[in-house]
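What follows is a set of notes on a single structure, which appears directly below.
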Amino acid sequence: MKIIIAQMINGIALGSIYVLLVTGFNLMFLVGKIIHFAYPYIVVMSMYICWGLLKLTSNLLIAIAGTLISSVILHMIIEPLFRHINTRKGSVDINSSFIVSLGIALILTEIMSHQLNYGFPIAFPLNWMSNVMFLEINLIRISSGQLYTLLVAILLTLMLFMFIYQTQSGRAFRAIAENISMARLQGIPIVRLNLLLYSIAGLLSGIIALLFSMLLGSASPWLGEYIALKVLAVAIVAGLGNLKGGLICGLALGIVESLIIHFLPGSWSNAIAFLMMLMVILIKPRGIFNKNSIES
Amino acid sequence: MVPNKGEIILKIEDLSVCYGPIAALKKVNLDIARGEIVVLFGSNGAGKSTLLKSVIGLKKPAEGRIIYREKEINLWKPESVTRFGIYLIPEDGGVFRTLTVEENLQLGAYHFFHQYQNQFEVVVHLFPVLKQRLKQIAGTLSGGEQRILAFGKALMSHSQILMLDEPSMGLSPKYIIQIFETIQALNQRGYSILLAEQNVRQALKYAHRIYVLESGQIVLYGNAGDLKNHPRIKEAYLGS
């Protein structure tokens, strides 16, 4: 029982990171009108940057600041690329954005697997993971890293949803999501809001990178693909572009995965998670939370 | 009926617009004076929507000029044109259906958010129905209420010219009269109005000047009072 509680806490921590990833992905889909498959790859790239900065300076603050700044810069580099596709086609083209994003993902993977750390997985130093046991009652062990992850992820999710649902820019985001040409008729400055979107997504990916590195303690060039497939699956199962659905499904996936690990060998967790998602998609092709009609 | 002609605030000169090889507008000339209600008649596909879209910047003209308050706005983006004082309520209603009524009004005031509260009072005074529905999702309002919300949103934006694309379409007769009365009330508050309409009978009662558009060309224009009995209008639109 106690182990299950520990796994639940672990699952919520993992799940809230999935929520952040899926929300970032969904925002890019809704507001930026792109399928940003490479989003988790950029997170992993940021983990490598964090690891590199730690190795060079062994200063936590520099590593944190450097990771956040560089992930924003990474997004600022790709923003003109996607804007170019969307304006070039005259209308929003989600298919070609997916191919471009896939390309970015492959390039990042190649860089990580050939150029960084000779392609070997990286391990974060122990002081970074703050692997001090925060709580230890018999078998329940919660490291302070896990606890930070949990708190930051929950706080960030709250802030993100407050931003989307309570601020004028958030309203404008949702207006663009519903109907981009009407948003323009409203005088909403699309380009400026797009820049805001990419900086928020960038900052978010930096924070997710920090959280992942604390939770996992390591990263490999293949981690991006591993996460990206899950993020894509969660987003589709919840209903593409459904923010609240992504919140619920992301958390659920984290918890389910952690519980599966408890009952079965760890390697099964992926297979079972995807099997469950496959079944959901067969029953509700447009996702759990989206209406099953074409026009909505 | 016709007020003293104010200064011209919007002037369209020799405007041509093409969709691929097909010309939707051919050398159209049109102007609107301050405080006027100008109605654009024409059947489906005559080019009414295209004209409004090219003024607002959704459709780039092939040639010609659009001059608003002494600035050439032909190539401006819609968001800039709107910010500069021309507001288009599109055919499909013009509200964000997934947002609440209040959020719609807040977005209407996007560039004037510091004056939101004042303007909000004006809008709910004019349209009391909106005040009761503030927290409701706009998509759940009736068709007529959505039009009212679109007007409220337009008012929040501090525009000078209000363009409406077939505001009476799909509404019951009771609502149609209400819509036209609202347009007149807005006009009396100082808005210049450019209205694309097929409901000629109603629109003639409220218009100051009219333009008749047929396959992309202006075939007839003048004061509403003078043209009311014009044989061509009677024959083609009033059915007598």
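Going by the structure tokens order, chains are called A, B, ..., each with residues numbered from 1, while ligands are numbered from 1 in the order shown.
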Set the cut-off to 12 Å and count only C-alpha atoms: what are the residues of chain A that reach chain B? Output as a ChimeraX atom specification. /A:90-91,164-193,296
From chain B, collect each residue whose DSSP state is alpha helix (DSSP H) and return the set as a ChimeraX atom specification. /B:48-56,78-84,101-108,116-126,128-132,143-156,173-188,200-206,224-227,231-233
Keeping only C-alpha atoms, write those residues as a JSON list (two decimals), in the first residue's frame.
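What ended up in out_6.json:
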[["chain", "number", "residue", "atom", "x", "y", "z"],
["B", 48, "LYS", "CA", -20.27, 43.08, -51.81],
["B", 49, "SER", "CA", -18.30, 40.94, -49.38],
["B", 50, "THR", "CA", -15.19, 41.24, -51.51],
["B", 51, "LEU", "CA", -15.44, 45.02, -51.34],
["B", 52, "LEU", "CA", -15.72, 45.02, -47.54],
["B", 53, "LYS", "CA", -12.92, 42.47, -47.26],
["B", 54, "SER", "CA", -10.55, 44.54, -49.36],
["B", 55, "VAL", "CA", -11.26, 47.67, -47.34],
["B", 56, "ILE", "CA", -10.43, 45.84, -44.12],
["B", 78, "PRO", "CA", -6.55, 43.77, -41.13],
["B", 79, "GLU", "CA", -5.28, 44.18, -37.58],
["B", 80, "SER", "CA", -3.82, 47.60, -38.43],
["B", 81, "VAL", "CA", -6.90, 48.79, -40.33],
["B", 82, "THR", "CA", -9.13, 47.78, -37.43],
["B", 83, "ARG", "CA", -6.87, 49.50, -34.96],
["B", 84, "PHE", "CA", -6.99, 52.63, -37.10],
["B", 101, "VAL", "CA", -19.89, 37.36, -23.69],
["B", 102, "GLU", "CA", -17.67, 39.33, -21.33],
["B", 103, "GLU", "CA", -14.48, 38.00, -22.91],
["B", 104, "ASN", "CA", -15.82, 38.97, -26.32],
["B", 105, "LEU", "CA", -16.34, 42.52, -25.13],
["B", 106, "GLN", "CA", -12.90, 42.59, -23.52],
["B", 107, "LEU", "CA", -11.32, 41.52, -26.81],
["B", 108, "GLY", "CA", -13.37, 44.18, -28.60],
["B", 116, "TYR", "CA", -12.78, 49.39, -20.87],
["B", 117, "GLN", "CA", -15.01, 50.25, -17.92],
["B", 118, "ASN", "CA", -16.38, 53.51, -19.40],
["B", 119, "GLN", "CA", -17.10, 52.00, -22.77],
["B", 120, "PHE", "CA", -18.57, 48.92, -21.12],
["B", 121, "GLU", "CA", -21.18, 51.10, -19.39],
["B", 122, "VAL", "CA", -22.09, 52.67, -22.74],
["B", 123, "VAL", "CA", -22.47, 49.27, -24.39],
["B", 124, "VAL", "CA", -24.61, 47.64, -21.69],
["B", 125, "HIS", "CA", -26.74, 50.78, -21.56],
["B", 126, "LEU", "CA", -27.43, 50.40, -25.28],
["B", 128, "PRO", "CA", -29.07, 45.62, -21.72],
["B", 129, "VAL", "CA", -29.45, 42.00, -22.82],
["B", 130, "LEU", "CA", -25.66, 41.62, -22.79],
["B", 131, "LYS", "CA", -25.41, 42.52, -19.12],
["B", 132, "GLN", "CA", -27.59, 39.56, -18.15],
["B", 143, "GLY", "CA", -28.61, 34.21, -33.55],
["B", 144, "GLY", "CA", -30.08, 37.65, -32.88],
["B", 145, "GLU", "CA", -28.27, 37.98, -29.56],
["B", 146, "GLN", "CA", -25.01, 37.07, -31.25],
["B", 147, "ARG", "CA", -25.52, 39.95, -33.70],
["B", 148, "ILE", "CA", -26.15, 42.27, -30.74],
["B", 149, "LEU", "CA", -22.96, 41.02, -29.13],
["B", 150, "ALA", "CA", -21.09, 41.69, -32.38],
["B", 151, "PHE", "CA", -22.39, 45.27, -32.26],
["B", 152, "GLY", "CA", -21.33, 45.57, -28.63],
["B", 153, "LYS", "CA", -17.89, 44.30, -29.52],
["B", 154, "ALA", "CA", -17.64, 46.79, -32.39],
["B", 155, "LEU", "CA", -18.59, 49.62, -30.04],
["B", 156, "MET", "CA", -15.85, 48.61, -27.61],
["B", 173, "PRO", "CA", -38.38, 39.79, -39.13],
["B", 174, "LYS", "CA", -38.62, 41.05, -35.54],
["B", 175, "TYR", "CA", -34.86, 40.89, -35.15],
["B", 176, "ILE", "CA", -34.24, 42.39, -38.58],
["B", 177, "ILE", "CA", -36.06, 45.57, -37.58],
["B", 178, "GLN", "CA", -34.18, 45.62, -34.29],
["B", 179, "ILE", "CA", -30.87, 45.29, -36.13],
["B", 180, "PHE", "CA", -31.67, 48.17, -38.47],
["B", 181, "GLU", "CA", -32.82, 50.32, -35.56],
["B", 182, "THR", "CA", -29.57, 49.54, -33.80],
["B", 183, "ILE", "CA", -27.65, 50.57, -36.89],
["B", 184, "GLN", "CA", -29.55, 53.84, -36.98],
["B", 185, "ALA", "CA", -28.92, 54.42, -33.27],
["B", 186, "LEU", "CA", -25.20, 53.83, -33.76],
["B", 187, "ASN", "CA", -25.24, 56.21, -36.71],
["B", 188, "GLN", "CA", -26.80, 58.88, -34.53],
["B", 200, "VAL", "CA", -33.43, 46.19, -50.00],
["B", 201, "ARG", "CA", -36.88, 47.08, -48.72],
["B", 202, "GLN", "CA", -35.70, 47.50, -45.11],
["B", 203, "ALA", "CA", -32.35, 49.01, -45.93],
["B", 204, "LEU", "CA", -33.90, 51.71, -48.11],
["B", 205, "LYS", "CA", -35.73, 53.08, -45.07],
["B", 206, "TYR", "CA", -32.53, 53.70, -43.19],
["B", 224, "ALA", "CA", -31.68, 56.84, -51.14],
["B", 225, "GLY", "CA", -34.64, 59.20, -51.44],
["B", 226, "ASP", "CA", -34.01, 59.75, -55.15],
["B", 227, "LEU", "CA", -33.43, 56.12, -56.00],
["B", 231, "PRO", "CA", -37.32, 51.77, -62.16],
["B", 232, "ARG", "CA", -34.24, 49.61, -62.04],
["B", 233, "ILE", "CA", -34.38, 49.26, -58.25]]
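Taking only C-alpha atoms, the non-local environment of Ile42 of chain A within 10 Å (same-chain residues fewer than 6 positions away omitted) comprises Tyr48, Ser71, Leu74, His75, Ile104, Ala105, Leu108, Thr109, Gly202, Ser205, Gly206, Ala209 and Gly224 of chain A.
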With N, CA and C atoms retained, could you export that selection as a tab-separated table (two decimals), in the first residue's frame?
chain	number	residue	atom	x	y	z
A	48	TYR	N	20.50	18.82	-22.25
A	48	TYR	CA	21.92	18.71	-22.61
A	48	TYR	C	22.64	20.02	-22.32
A	71	SER	N	16.67	27.94	-24.14
A	71	SER	CA	15.48	27.32	-24.72
A	71	SER	C	14.56	28.38	-25.33
A	74	LEU	N	16.23	29.06	-28.66
A	74	LEU	CA	15.94	27.98	-29.62
A	74	LEU	C	14.57	28.20	-30.27
A	75	HIS	N	13.59	28.59	-29.46
A	75	HIS	CA	12.26	28.81	-30.03
A	75	HIS	C	12.22	30.04	-30.92
A	104	ILE	N	13.30	19.25	-37.66
A	104	ILE	CA	14.02	19.85	-36.54
A	104	ILE	C	14.33	18.77	-35.50
A	105	ALA	N	13.34	17.90	-35.25
A	105	ALA	CA	13.53	16.83	-34.26
A	105	ALA	C	14.69	15.92	-34.67
A	108	LEU	N	18.07	17.69	-34.25
A	108	LEU	CA	18.47	17.75	-32.83
A	108	LEU	C	18.96	16.38	-32.35
A	109	THR	N	18.25	15.32	-32.75
A	109	THR	CA	18.67	13.97	-32.34
A	109	THR	C	20.07	13.66	-32.88
A	202	GLY	N	9.00	28.59	-25.21
A	202	GLY	CA	10.43	28.40	-24.98
A	202	GLY	C	10.76	28.34	-23.50
A	205	SER	N	9.58	25.15	-22.07
A	205	SER	CA	10.40	23.98	-22.40
A	205	SER	C	11.67	23.98	-21.55
A	206	GLY	N	12.20	25.18	-21.24
A	206	GLY	CA	13.37	25.27	-20.38
A	206	GLY	C	13.06	24.75	-18.98
A	209	ALA	N	12.68	21.08	-18.96
A	209	ALA	CA	14.00	20.43	-19.03
A	209	ALA	C	14.61	20.33	-17.63
A	224	GLY	N	14.11	12.24	-26.48
A	224	GLY	CA	13.16	13.13	-27.16
A	224	GLY	C	12.06	12.38	-27.86
Could you work out how far atom CA of Tyr211 of chain B lies from atom CA of Val38 of chain B, giving the answer in Å with one decimal?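 A separation of 7.6 Å between them.
The shell of residues at most 12 Å from Leu259 of chain A, with only C-alpha atoms counted and near chain neighbours (fewer than 6 positions) removed, consists of Met1, Ile3, Ile4, Ile5, Ala6, Gln7, Met8, Ile9, Asn10, Gly11, Ile12, Leu14, Gly15, Ala252, Leu253, Pro265, Gly266, Trp268, Ser269, Asn270, Ile272 and Ala273 of chain A.
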Same residues, N, CA and C atoms, saved as an mmCIF file, in the first residue's frame:
data_model
loop_
_atom_site.group_PDB
_atom_site.id
_atom_site.type_symbol
_atom_site.label_atom_id
_atom_site.label_comp_id
_atom_site.auth_asym_id
_atom_site.auth_seq_id
_atom_site.Cartn_x
_atom_site.Cartn_y
_atom_site.Cartn_z
ATOM 1 N N MET A 1 0.836 -1.215 0.000
ATOM 2 C CA MET A 1 0.000 0.000 0.000
ATOM 3 C C MET A 1 0.863 1.253 0.000
ATOM 4 N N ILE A 3 3.886 1.497 -0.878
ATOM 5 C CA ILE A 3 4.619 1.629 -2.136
ATOM 6 C C ILE A 3 3.728 2.257 -3.190
ATOM 7 N N ILE A 4 2.469 1.867 -3.143
ATOM 8 C CA ILE A 4 1.547 2.427 -4.124
ATOM 9 C C ILE A 4 1.411 3.939 -3.919
ATOM 10 N N ILE A 5 1.375 4.356 -2.638
ATOM 11 C CA ILE A 5 1.297 5.804 -2.375
ATOM 12 C C ILE A 5 2.530 6.503 -2.949
ATOM 13 N N ALA A 6 3.682 5.894 -2.696
ATOM 14 C CA ALA A 6 4.915 6.501 -3.227
ATOM 15 C C ALA A 6 4.868 6.570 -4.743
ATOM 16 N N GLN A 7 4.371 5.477 -5.360
ATOM 17 C CA GLN A 7 4.295 5.478 -6.827
ATOM 18 C C GLN A 7 3.293 6.503 -7.325
ATOM 19 N N MET A 8 2.218 6.709 -6.549
ATOM 20 C CA MET A 8 1.236 7.718 -6.930
ATOM 21 C C MET A 8 1.878 9.105 -6.947
ATOM 22 N N ILE A 9 2.648 9.392 -5.894
ATOM 23 C CA ILE A 9 3.291 10.712 -5.825
ATOM 24 C C ILE A 9 4.246 10.886 -6.998
ATOM 25 N N ASN A 10 5.006 9.816 -7.242
ATOM 26 C CA ASN A 10 5.914 9.839 -8.387
ATOM 27 C C ASN A 10 5.127 10.048 -9.684
ATOM 28 N N GLY A 11 3.998 9.359 -9.750
ATOM 29 C CA GLY A 11 3.159 9.439 -10.948
ATOM 30 C C GLY A 11 2.600 10.831 -11.157
ATOM 31 N N ILE A 12 2.207 11.489 -10.061
ATOM 32 C CA ILE A 12 1.665 12.842 -10.202
ATOM 33 C C ILE A 12 2.765 13.802 -10.661
ATOM 34 N N LEU A 14 5.428 13.005 -12.465
ATOM 35 C CA LEU A 14 5.656 12.715 -13.884
ATOM 36 C C LEU A 14 4.483 13.231 -14.721
ATOM 37 N N GLY A 15 3.270 12.987 -14.215
ATOM 38 C CA GLY A 15 2.068 13.393 -14.938
ATOM 39 C C GLY A 15 1.997 14.891 -15.109
ATOM 40 N N ALA A 252 -3.234 11.526 -15.874
ATOM 41 C CA ALA A 252 -3.618 10.116 -15.848
ATOM 42 C C ALA A 252 -2.491 9.243 -16.377
ATOM 43 N N LEU A 253 -1.851 9.668 -17.478
ATOM 44 C CA LEU A 253 -0.776 8.862 -18.046
ATOM 45 C C LEU A 253 0.369 8.704 -17.047
ATOM 46 N N PRO A 265 7.232 -5.589 -14.958
ATOM 47 C CA PRO A 265 8.562 -5.067 -15.285
ATOM 48 C C PRO A 265 8.450 -3.713 -15.989
ATOM 49 N N GLY A 266 9.373 -2.829 -15.699
ATOM 50 C CA GLY A 266 9.292 -1.448 -16.179
ATOM 51 C C GLY A 266 9.108 -1.320 -17.679
ATOM 52 N N TRP A 268 7.312 -2.758 -19.596
ATOM 53 C CA TRP A 268 5.941 -2.915 -20.069
ATOM 54 C C TRP A 268 5.137 -1.611 -20.036
ATOM 55 N N SER A 269 5.610 -0.657 -19.248
ATOM 56 C CA SER A 269 4.763 0.511 -18.997
ATOM 57 C C SER A 269 4.382 1.228 -20.286
ATOM 58 N N ASN A 270 5.357 1.328 -21.214
ATOM 59 C CA ASN A 270 5.066 1.990 -22.483
ATOM 60 C C ASN A 270 4.019 1.254 -23.278
ATOM 61 N N ILE A 272 1.754 -0.873 -22.376
ATOM 62 C CA ILE A 272 0.399 -0.861 -21.818
ATOM 63 C C ILE A 272 -0.224 0.525 -21.968
ATOM 64 N N ALA A 273 0.570 1.570 -21.727
ATOM 65 C CA ALA A 273 0.037 2.927 -21.877
ATOM 66 C C ALA A 273 -0.452 3.154 -23.302
#
Write out as a ChimeraX atom specification each polymer residue whose atoms come within 10 Å of Ile227 of chain A, counting only C-alpha atoms; drop sequence neighbours fewer than 2 positions from it. /A:18,21,39-41,43-44,222-225,229-233
Skip Glu13 of chain B itself and residues of its chain fewer than 4 positions away, then list as a count of residues only all residues within 10 Å of it, counting only C-alpha atoms. 10
Name the closest residue to Glu197 of chain B among the candidates B:Tyr221, B:Phe41, B:Phe112, B:Trp76; distances are taken between atoms, counting only C-alpha atoms.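 Smallest distance to Glu197 of chain B is found for B:Phe41.
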From a backbone DSSP assignment, name each residue in segment 8-206 of chain B labelled strand (DSSP E), as a CSV table (one decimal) with C-alpha atoms, in the first residue's frame.
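Listed below is the output, part_38.csv:
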chain,number,residue,atom,x,y,z
B,8,ILE,CA,-15.3,62.3,-46.8
B,9,ILE,CA,-13.5,59.8,-44.5
B,10,LEU,CA,-13.3,56.8,-46.7
B,11,LYS,CA,-12.6,57.0,-50.4
B,12,ILE,CA,-12.3,54.0,-52.7
B,13,GLU,CA,-10.8,54.7,-56.1
B,14,ASP,CA,-10.8,52.4,-59.1
B,15,LEU,CA,-10.7,49.3,-57.0
B,16,SER,CA,-10.2,46.0,-58.8
B,17,VAL,CA,-9.9,42.7,-57.0
B,18,CYS,CA,-9.3,39.3,-58.5
B,19,TYR,CA,-9.7,35.8,-57.4
B,22,ILE,CA,-11.7,35.9,-62.2
B,23,ALA,CA,-12.3,39.6,-61.5
B,24,ALA,CA,-14.6,40.1,-58.5
B,25,LEU,CA,-14.5,43.9,-58.6
B,26,LYS,CA,-13.9,46.1,-61.6
B,27,LYS,CA,-12.9,49.7,-61.1
B,28,VAL,CA,-15.2,50.4,-58.2
B,29,ASN,CA,-15.5,53.9,-56.9
B,30,LEU,CA,-17.2,54.6,-53.6
B,31,ASP,CA,-17.0,57.1,-50.8
B,32,ILE,CA,-18.4,57.6,-47.4
B,33,ALA,CA,-18.8,60.9,-45.5
B,37,ILE,CA,-25.3,55.3,-43.7
B,38,VAL,CA,-24.2,54.0,-47.1
B,39,VAL,CA,-25.8,50.8,-48.3
B,40,LEU,CA,-24.3,48.5,-50.9
B,41,PHE,CA,-27.0,46.5,-52.7
B,63,GLU,CA,-5.3,47.8,-58.5
B,64,GLY,CA,-6.9,51.0,-57.1
B,65,ARG,CA,-6.6,52.9,-53.9
B,66,ILE,CA,-8.4,52.9,-50.6
B,67,ILE,CA,-8.0,56.1,-48.7
B,68,TYR,CA,-9.0,56.5,-45.1
B,71,LYS,CA,-3.9,57.5,-45.5
B,72,GLU,CA,-3.6,54.9,-48.2
B,86,ILE,CA,-12.6,50.7,-39.4
B,87,TYR,CA,-14.5,47.7,-38.0
B,88,LEU,CA,-16.0,44.9,-40.0
B,89,ILE,CA,-18.7,42.7,-38.6
B,161,ILE,CA,-16.6,53.4,-39.6
B,162,LEU,CA,-18.6,50.3,-39.0
B,163,MET,CA,-18.9,47.9,-42.0
B,164,LEU,CA,-21.6,45.2,-41.8
B,165,ASP,CA,-21.8,42.3,-44.1
B,192,SER,CA,-20.3,56.1,-40.3
B,193,ILE,CA,-21.9,53.0,-41.6
B,194,LEU,CA,-21.2,50.9,-44.7
B,195,LEU,CA,-23.8,48.2,-45.0
B,196,ALA,CA,-23.9,45.3,-47.5
B,197,GLU,CA,-27.4,44.1,-47.8
Spatial neighbours of segment 50-53 of chain A, 8 Å, only C-alpha atoms, chain gap at least 3 places, as a short mmCIF file (atom, residue, chain, number, x, y, z; two decimals) with N, CA and C atoms, in the first residue's frame:
data_model
loop_
_atom_site.label_atom_id
_atom_site.label_comp_id
_atom_site.auth_asym_id
_atom_site.auth_seq_id
_atom_site.Cartn_x
_atom_site.Cartn_y
_atom_site.Cartn_z
N SER A 46 17.59 21.12 -24.28
CA SER A 46 17.83 22.02 -23.15
C SER A 46 18.42 21.28 -21.97
N MET A 47 18.03 20.01 -21.80
CA MET A 47 18.64 19.21 -20.72
C MET A 47 20.14 19.05 -20.99
N LEU A 56 30.66 22.70 -17.11
CA LEU A 56 31.62 23.78 -17.32
C LEU A 56 31.79 24.64 -16.09
N THR A 57 30.68 25.01 -15.47
CA THR A 57 30.76 26.01 -14.40
C THR A 57 30.51 25.43 -13.02
N SER A 58 29.84 24.29 -12.98
CA SER A 58 29.34 23.69 -11.73
C SER A 58 28.70 24.72 -10.81
N ASN A 59 28.00 25.65 -11.47
CA ASN A 59 27.25 26.64 -10.71
C ASN A 59 25.77 26.46 -11.04
N ILE A 62 23.86 29.54 -12.74
CA ILE A 62 24.21 29.75 -14.14
C ILE A 62 23.56 28.69 -15.01
N ALA A 63 23.56 27.44 -14.52
CA ALA A 63 22.97 26.36 -15.30
C ALA A 63 21.49 26.60 -15.52
N ILE A 64 20.80 27.00 -14.44
CA ILE A 64 19.35 27.22 -14.56
C ILE A 64 19.07 28.37 -15.52
N GLY A 66 20.99 29.72 -17.78
CA GLY A 66 21.44 29.40 -19.14
C GLY A 66 20.45 28.50 -19.86
N THR A 67 19.91 27.51 -19.12
CA THR A 67 18.95 26.60 -19.75
C THR A 67 17.70 27.35 -20.20
N ILE A 122 23.78 11.09 -20.90
CA ILE A 122 24.40 11.96 -19.90
C ILE A 122 23.78 11.70 -18.54
N ALA A 123 24.58 11.90 -17.50
CA ALA A 123 24.05 11.76 -16.14
C ALA A 123 24.27 13.07 -15.39
N PHE A 124 23.24 13.52 -14.73
CA PHE A 124 23.39 14.78 -13.99
C PHE A 124 24.07 14.52 -12.66
N LEU A 210 14.51 21.43 -16.86
CA LEU A 210 15.06 21.41 -15.51
C LEU A 210 14.35 20.36 -14.65
#
